[in-house]
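Asker: Got a structure for you, written out below as structure tokens; questions coming shortly.
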Amino acid sequence: MQQLLLIGAGHAHAFVLEAFAKRPDPNIAITVVSDAPFAAYSGSVPAWLSGECTLRETQMDIDALCQRVGAQFIASPAVALNTTKRQVTLADGSVLPFDVASLNVGSTLQLPQALNTENNNEALPTLLAMRPLSSLHQRWQALKEEVAKLPQGTQQNVVSVGGGAAGCETLMSVLAQLRRQRPDIDWQGALISASKTLLPGAGRLPRWLMARALRRTGISVHAGVRGHALVAGGVSNDVDERIKADIVLWATGAVGQKWLKNTLLPLNEKGFIRVNVSLEVSGQSGIFAAGDCAAFTPPLPSAGVYAVRMGPLLADNLRAACHQKTLTPWQPPRRVLALIGTGDGHAIASRGAIGFAGKWVWLWKKRIDARFIARFNPPIKD
């Protein structure tokens, strides 16, 4: 009996569990370890932030999926991995052996410095880090509780640091919810982008559509500068300017989980796990990594769609590794479709140079996301 250990409950591992549910293998025992029985689907998070759906409607029921497979689920995250002894230590102190393992643990963020200043009239802005995703609901709830206490008639400046799709979408979604929650407050938005253009890597038309959406939402853009630190009353950038902020959404600087640094896994400069074309960790036979925590060559953009595309092949290669069979290389898609919500019931579609926007794009995105989540969840009983 081969012990297959899935570390983390990301998108790729949901596909692995689904594959083993469809084609069980009596010679493989599967265990999944994660910090919670529910895992958020990143594509639905903006709809939840904007108040268009509940948190539960964004989540995959990993525990129920494990029951379908006959896998064991343990609600305790990994905190250490010994590649020599082939065992993982969990936060609850238990130690699990494995023959084959896969990591799909996502990423976290390198948070900004909080610099003390002599200006005692202004406080440091409130920080909302967008990663790790598993605990975002707790940070978001705490921020909304603080917003509920704000005095009427004041102005609040919300600044997002990160000019990619995630930074733009998050800022527009959060502003939509805050404006709905406290219409008596003047909400102003600003976006700080290290790139000189929005949506780096996208075509001219998708970038123009995004710039238009930001203008319509009343968001100013500071392009070509990098958010550096939190200071009294705002965010400082790398040219020593201060951008006024009361709330800062931090959506940049993705790095690997801290506990990975204490393993013998090969990591790149950002702490992500180096993998080869089969998604097997470089130099570590029988250990795999997928999704945001994996460092592919050449590097892939940070997007959940890549973890989704990795999932079916990862399932095949984990099965093959358990039976000492040849692994199959994974070929990343040359272009992927990005559907980016704008917080107002509309969305932008971007694929290479092609771009279009409208309410119908948002409805299309919601249908795709709902189908994806339903795929991994048990049917709702009447």
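Simple scheme: letters A, B, ... for chains in structure tokens order, numbers from 1 for residues in each chain, numbers from 1 for ligands in the order shown.
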I'd like the neighbourhood of Gln113 (chain A) as a VMD selection string, where a residue qualifies if any of its atoms comes within 8 Å (using only C-alpha atoms), though same-chain residues fewer than 2 positions away should be ignored.
Answerer: chain A and resid 111 115 228 to 230
Asker: Keeping only C-alpha atoms, take the residues you just selected and write them out as a JSON list (two decimals), in the first residue's frame.
Answerer:
```json
[["chain", "number", "residue", "atom", "x", "y", "z"],
["A", 111, "LEU", "CA", 4.30, 42.63, 3.99],
["A", 115, "LEU", "CA", 7.65, 53.19, 9.69],
["A", 228, "HIS", "CA", 7.45, 50.75, -0.08],
["A", 229, "ALA", "CA", 6.15, 51.13, 3.46],
["A", 230, "LEU", "CA", 3.23, 52.21, 5.64]]
```
Asker: Env of Leu313 (chain A): 9 Å cut, atoms = only C-alpha atoms, seq-sep filter 3 positions within chain, self excluded. Answer as an NGL selection string.
Answerer: :A and (16 or 278-279 or 309-310 or 316-318 or 328-330)
Asker: Save out the residues we just selected, N, CA and C atoms, as a compact mmCIF listing (two decimals), in the first residue's frame.
Answerer:
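Saved the output as again11.txt:
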```txt
# COMPACT_ATOMS: atom_id res chain seq x y z
N VAL A 16 -6.89 16.31 -8.22
CA VAL A 16 -6.30 15.02 -7.88
C VAL A 16 -7.33 14.14 -7.17
N SER A 278 7.54 17.67 -15.17
CA SER A 278 6.52 16.72 -14.73
C SER A 278 5.85 17.16 -13.42
N LEU A 279 6.24 18.35 -12.92
CA LEU A 279 5.77 18.91 -11.64
C LEU A 279 6.41 18.21 -10.45
N ARG A 309 -5.09 24.09 -14.56
CA ARG A 309 -4.59 23.35 -15.71
C ARG A 309 -3.60 22.26 -15.29
N MET A 310 -2.87 22.46 -14.19
CA MET A 310 -1.93 21.46 -13.71
C MET A 310 -2.63 20.24 -13.10
N ASP A 316 -2.41 12.29 -12.70
CA ASP A 316 -1.83 11.18 -13.45
C ASP A 316 -0.41 10.87 -12.99
N ASN A 317 0.39 11.91 -12.74
CA ASN A 317 1.77 11.69 -12.36
C ASN A 317 1.90 11.18 -10.93
N LEU A 318 1.01 11.59 -10.05
CA LEU A 318 1.04 11.04 -8.69
C LEU A 318 0.68 9.55 -8.71
N THR A 328 4.69 12.09 -17.00
CA THR A 328 4.35 12.83 -18.21
C THR A 328 4.67 14.31 -18.04
N PRO A 329 5.30 14.94 -19.02
CA PRO A 329 5.58 16.38 -18.90
C PRO A 329 4.32 17.21 -19.04
N TRP A 330 4.31 18.36 -18.35
CA TRP A 330 3.19 19.29 -18.43
C TRP A 330 3.57 20.45 -19.33
```
Asker: Out of A:Asn104, A:Gln67, A:Thr126, A:Ser135, which residue has the shortest atom-to-atom distance to Ala21 (chain A) when counting only C-alpha atoms?
Answerer: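 Closest candidate: A:Gln67.
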Asker: Do you have the CA of Val33 (chain A)-CA of Val100 (chain A) distance handy?
Answerer: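 Distance between the two atoms: 13.9 Å.
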Asker: Taking the chain letters and numbering used in this document, name the residues of region 117-263 of chain A that DSSP puts in alpha helix (DSSP H), as a ChimeraX atom specification.
Answerer: /A:136-148,165-181,204-216
Asker: Leaving out region 216-220 of chain A and any residue of its chain fewer than 3 positions from it, which residues lie within 12 Å of it when counting only C-alpha atoms, given as number ranges by chain?
Answerer: A: 157-160, 163, 168-169, 171-176, 179, 186-193, 209-213, 223, 243-244, 342-344, 346
